[in-house]
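First comes the structure, then the notes that go with it.
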Amino acid sequence: MERVFLLLLLEACVQSPEATPIGVPPDAPPPHQRPDAPPFVVRPDADVGIEAVSVWGSGPRDVYVVTRTQLLHSNGSGSWSVQPTPEDHPQSIYGTSASDVYLAGEDIFHSVDGIWVPMNAPVNYISTSFGWVWAASPSDVWAGNDELLDHFDGTGWTEEVRVFGLVPPDPQSTAIQVADTQGLGLSGVWGSGDVHVVVGTSVIMSSTVPLGFAELKVGQNKWTNLLDSHSPLDWNVEVYGIVGSDFGHIWAGGEGPPGYSPHIWRWNGSAWLTETLEALPGDELREESEVTGLVLLPSGDLFAVENDRILHSIGDGTWQIVYRTAAPARALWAASVDEWYVVGNVIEHVRNGQGRVEFATPPAR
């Protein structure tokens, strides 16, 4: 039944618009900083780093960055201000417009006229805070962390994970059933209409091998597993993020074999496929690297963060290195194919292939 169900969804999916390449050759050297940027070089032992973990903007003149202790905001001028919030340890930022922005931490906060209002999202005894938040609209907000996944429909929250211990799984529940002997790290949701996909990493306590996790929910139905024993996400992988345009065009990023190498996988409506990432000489000597951020633009252009590299794809299954960042990065947000904000140890604003480091040390409160 699951196979027939997935095939029906595939037939119903809407094709994405054809993407246009941005025209950066794969062998292009790292670009120089913009003329208006001061010289900046990060020494290996340099004492810099704001530890930024999330970035989102409604436009290039309205950008938020989350660090481990602060929420920063920029109007695009190059200066950043600390935004007062009730959250001491923010984790993630996302929104659907300038007036609909969400902040994840010990609770989910919604920005109302510039004031962050707690939404009282439920937690459980295993996960007591939120590591990420995603929204398609004010009536379709998702937040999660480890064995925690909540959905807000505009009026109230629904807990989408049920953790069971001595109490057996509930066959009537539509929630994801997770045993307390199973380690689960949910890392993101993508959705369109009634169709939603959640990804993450699962570890059986008796094993140290991480397993990919991907499940589908349509409407109020139960969650359906999108992995099988032949899936490239099934064994020794960790999944850190997801983007998509429709059920036949979903991308997830993370790390996997051989070793701990960067990976991007695409769901084509019936199976996960491994995409091809451009590599550089000497990459085989790296002990570990991973894809930690993904962005999909309305044009169909895709961008990904892999340590100090920005990768680009037009959705053809291949990814090219189009930029080398000034310092290790973890997340990015793209205003267009020509303008991005990349964050990690620093905040870097890239425009037309040239970057400017706008913050390298934590600003004062």
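Letters A, B, ... mark the chains of the structure tokens in the order given; residue numbers begin at 1 per chain; ligand numbers begin at 1, in order shown.
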_Surrounding residues of Trp142 of chain A excluding itself and chain neighbours under 6 positions, 9 Å, only C-alpha atoms, as an NGL selection string_ = :A and (132-136 or 149-152 or 188-190)
_Spatial neighbours of Leu103 of chain A, 12 Å, only C-alpha atoms, chain gap at least 2 places, as a PyMOL selection string_ = chain A and resi 54-56+64-67+70-72+83-95+100-101+105-112+115-119+121+129-135+141-144
Could you write those residues out with N, CA and C atoms, as a compact mmCIF listing (two decimals), in the first residue's frame?
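The resulting file, result.txt, is shown below:
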# COMPACT_ATOMS: atom_id res chain seq x y z
N SER A 54 22.54 30.01 12.58
CA SER A 54 21.34 30.10 11.74
C SER A 54 21.24 31.50 11.16
N VAL A 55 20.69 31.61 9.93
CA VAL A 55 20.51 32.91 9.28
C VAL A 55 19.26 32.84 8.41
N TRP A 56 18.51 33.93 8.42
CA TRP A 56 17.33 34.04 7.55
C TRP A 56 17.01 35.51 7.36
N TYR A 64 18.45 38.32 9.73
CA TYR A 64 18.69 37.92 11.12
C TYR A 64 19.75 36.82 11.16
N VAL A 65 20.59 36.88 12.20
CA VAL A 65 21.58 35.83 12.45
C VAL A 65 21.48 35.42 13.92
N VAL A 66 21.45 34.11 14.14
CA VAL A 66 21.40 33.57 15.50
C VAL A 66 22.78 33.08 15.88
N THR A 67 23.29 33.56 17.02
CA THR A 67 24.49 33.01 17.63
C THR A 67 24.05 32.21 18.86
N GLN A 70 22.95 35.25 21.21
CA GLN A 70 22.33 36.50 20.78
C GLN A 70 21.58 36.33 19.47
N LEU A 71 20.66 37.26 19.24
CA LEU A 71 20.02 37.41 17.94
C LEU A 71 20.46 38.74 17.36
N LEU A 72 21.06 38.69 16.17
CA LEU A 72 21.57 39.89 15.51
C LEU A 72 20.69 40.24 14.31
N GLN A 83 19.33 42.20 18.90
CA GLN A 83 17.89 42.29 19.10
C GLN A 83 17.51 41.74 20.47
N PRO A 84 16.83 42.50 21.29
CA PRO A 84 16.42 41.97 22.60
C PRO A 84 15.35 40.89 22.43
N THR A 85 15.56 39.76 23.06
CA THR A 85 14.59 38.65 23.03
C THR A 85 14.52 38.05 24.44
N PRO A 86 13.47 37.33 24.76
CA PRO A 86 13.41 36.64 26.05
C PRO A 86 14.20 35.35 26.07
N GLU A 87 14.89 35.02 24.98
CA GLU A 87 15.61 33.75 24.86
C GLU A 87 17.11 33.98 25.07
N ASP A 88 17.69 33.33 26.09
CA ASP A 88 19.12 33.48 26.36
C ASP A 88 19.98 32.59 25.47
N HIS A 89 19.41 31.51 24.96
CA HIS A 89 20.18 30.59 24.15
C HIS A 89 19.41 30.25 22.86
N PRO A 90 19.33 31.22 21.94
CA PRO A 90 18.61 30.97 20.69
C PRO A 90 19.33 29.92 19.84
N GLN A 91 18.56 29.22 19.03
CA GLN A 91 19.11 28.13 18.22
C GLN A 91 18.84 28.28 16.73
N SER A 92 17.73 28.91 16.36
CA SER A 92 17.35 28.91 14.95
C SER A 92 16.39 30.05 14.67
N ILE A 93 16.42 30.55 13.43
CA ILE A 93 15.53 31.63 13.00
C ILE A 93 14.95 31.26 11.64
N TYR A 94 13.66 31.55 11.45
CA TYR A 94 13.03 31.31 10.15
C TYR A 94 11.77 32.16 10.07
N GLY A 95 11.34 32.46 8.85
CA GLY A 95 10.14 33.25 8.68
C GLY A 95 9.55 33.08 7.30
N ASP A 100 6.37 37.96 9.83
CA ASP A 100 6.06 36.61 10.30
C ASP A 100 7.38 35.85 10.48
N VAL A 101 8.03 36.08 11.64
CA VAL A 101 9.35 35.52 11.91
C VAL A 101 9.29 34.72 13.20
N GLY A 105 14.27 28.22 20.67
CA GLY A 105 15.15 28.11 21.82
C GLY A 105 14.47 27.24 22.86
N GLU A 106 14.34 27.73 24.08
CA GLU A 106 13.61 26.99 25.09
C GLU A 106 12.11 26.98 24.80
N ASP A 107 11.66 27.89 23.97
CA ASP A 107 10.30 27.93 23.46
C ASP A 107 10.39 28.39 22.00
N ILE A 108 9.26 28.47 21.32
CA ILE A 108 9.19 29.10 20.00
C ILE A 108 8.61 30.48 20.20
N PHE A 109 9.29 31.51 19.67
CA PHE A 109 8.86 32.89 19.82
C PHE A 109 8.47 33.45 18.45
N HIS A 110 7.40 34.22 18.43
CA HIS A 110 6.89 34.83 17.20
C HIS A 110 7.04 36.34 17.31
N SER A 111 7.62 36.95 16.28
CA SER A 111 7.81 38.40 16.29
C SER A 111 6.51 39.09 15.91
N VAL A 112 5.97 39.88 16.85
CA VAL A 112 4.75 40.64 16.62
C VAL A 112 5.07 42.11 16.84
N ILE A 115 8.19 42.67 18.76
CA ILE A 115 8.27 42.08 20.10
C ILE A 115 8.15 40.57 19.97
N TRP A 116 9.05 39.84 20.65
CA TRP A 116 9.06 38.38 20.56
C TRP A 116 8.11 37.79 21.60
N VAL A 117 7.05 37.17 21.11
CA VAL A 117 5.99 36.64 21.97
C VAL A 117 6.13 35.13 22.06
N PRO A 118 6.20 34.55 23.27
CA PRO A 118 6.29 33.09 23.38
C PRO A 118 5.02 32.42 22.88
N MET A 119 5.19 31.26 22.19
CA MET A 119 4.07 30.53 21.64
C MET A 119 3.69 29.31 22.47
N ALA A 121 5.10 26.33 23.00
CA ALA A 121 5.18 25.04 22.31
C ALA A 121 5.50 23.94 23.31
N SER A 129 13.97 21.59 24.79
CA SER A 129 14.12 22.84 24.06
C SER A 129 14.08 22.53 22.57
N PHE A 130 14.12 23.58 21.75
CA PHE A 130 13.99 23.42 20.30
C PHE A 130 15.28 23.81 19.60
N GLY A 131 15.72 22.96 18.67
CA GLY A 131 16.95 23.22 17.94
C GLY A 131 16.73 23.90 16.60
N TRP A 132 15.49 23.87 16.10
CA TRP A 132 15.21 24.49 14.81
C TRP A 132 13.72 24.80 14.68
N VAL A 133 13.41 25.69 13.75
CA VAL A 133 12.04 26.04 13.44
C VAL A 133 11.93 26.28 11.95
N TRP A 134 10.80 25.92 11.37
CA TRP A 134 10.53 26.11 9.93
C TRP A 134 9.06 26.44 9.77
N ALA A 135 8.74 27.29 8.80
CA ALA A 135 7.35 27.65 8.58
C ALA A 135 7.08 27.84 7.09
N VAL A 141 3.53 25.87 10.98
CA VAL A 141 4.82 26.11 11.64
C VAL A 141 5.27 24.81 12.29
N TRP A 142 6.54 24.45 12.09
CA TRP A 142 7.11 23.22 12.64
C TRP A 142 8.35 23.56 13.45
N ALA A 143 8.54 22.83 14.54
CA ALA A 143 9.72 23.02 15.38
C ALA A 143 10.10 21.68 15.99
N GLY A 144 11.42 21.48 16.17
CA GLY A 144 11.83 20.19 16.71
C GLY A 144 13.24 20.21 17.25
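The space separating atom CA of Ala104 of chain A from atom CA of Gly253 of chain A comes to 20.8 Å.
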_Residue nearest Thr292 of chain A among A:Asn75, A:Ser192, A:Ser202, A:Ser187 (counting only C-alpha atoms)_ =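 Residue with the minimum atom-to-atom distance to Thr292 of chain A: A:Ser187.
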List as a JSON list (two decimals) with C-alpha atoms, in the first residue's frame the protein and nucleic acid residues near His249 of chain A, meaning an atom at most 8 Å away when only C-alpha atoms are counted, but skip any in the same chain fewer than 2 places from it.
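The resulting result_30.json:
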[["chain", "number", "residue", "atom", "x", "y", "z"],
["A", 16, "SER", "CA", 9.64, 22.84, -10.61],
["A", 244, "GLY", "CA", 12.17, 21.23, -1.49],
["A", 245, "SER", "CA", 9.76, 22.61, -4.04],
["A", 246, "ASP", "CA", 7.31, 19.69, -4.40],
["A", 247, "PHE", "CA", 7.14, 16.03, -3.45],
["A", 251, "TRP", "CA", 17.02, 17.67, -1.14],
["A", 266, "ARG", "CA", 17.57, 14.06, -3.65],
["A", 267, "TRP", "CA", 14.14, 12.50, -3.26],
["A", 268, "ASN", "CA", 12.58, 12.12, -6.73],
["A", 269, "GLY", "CA", 9.14, 11.08, -5.52]]
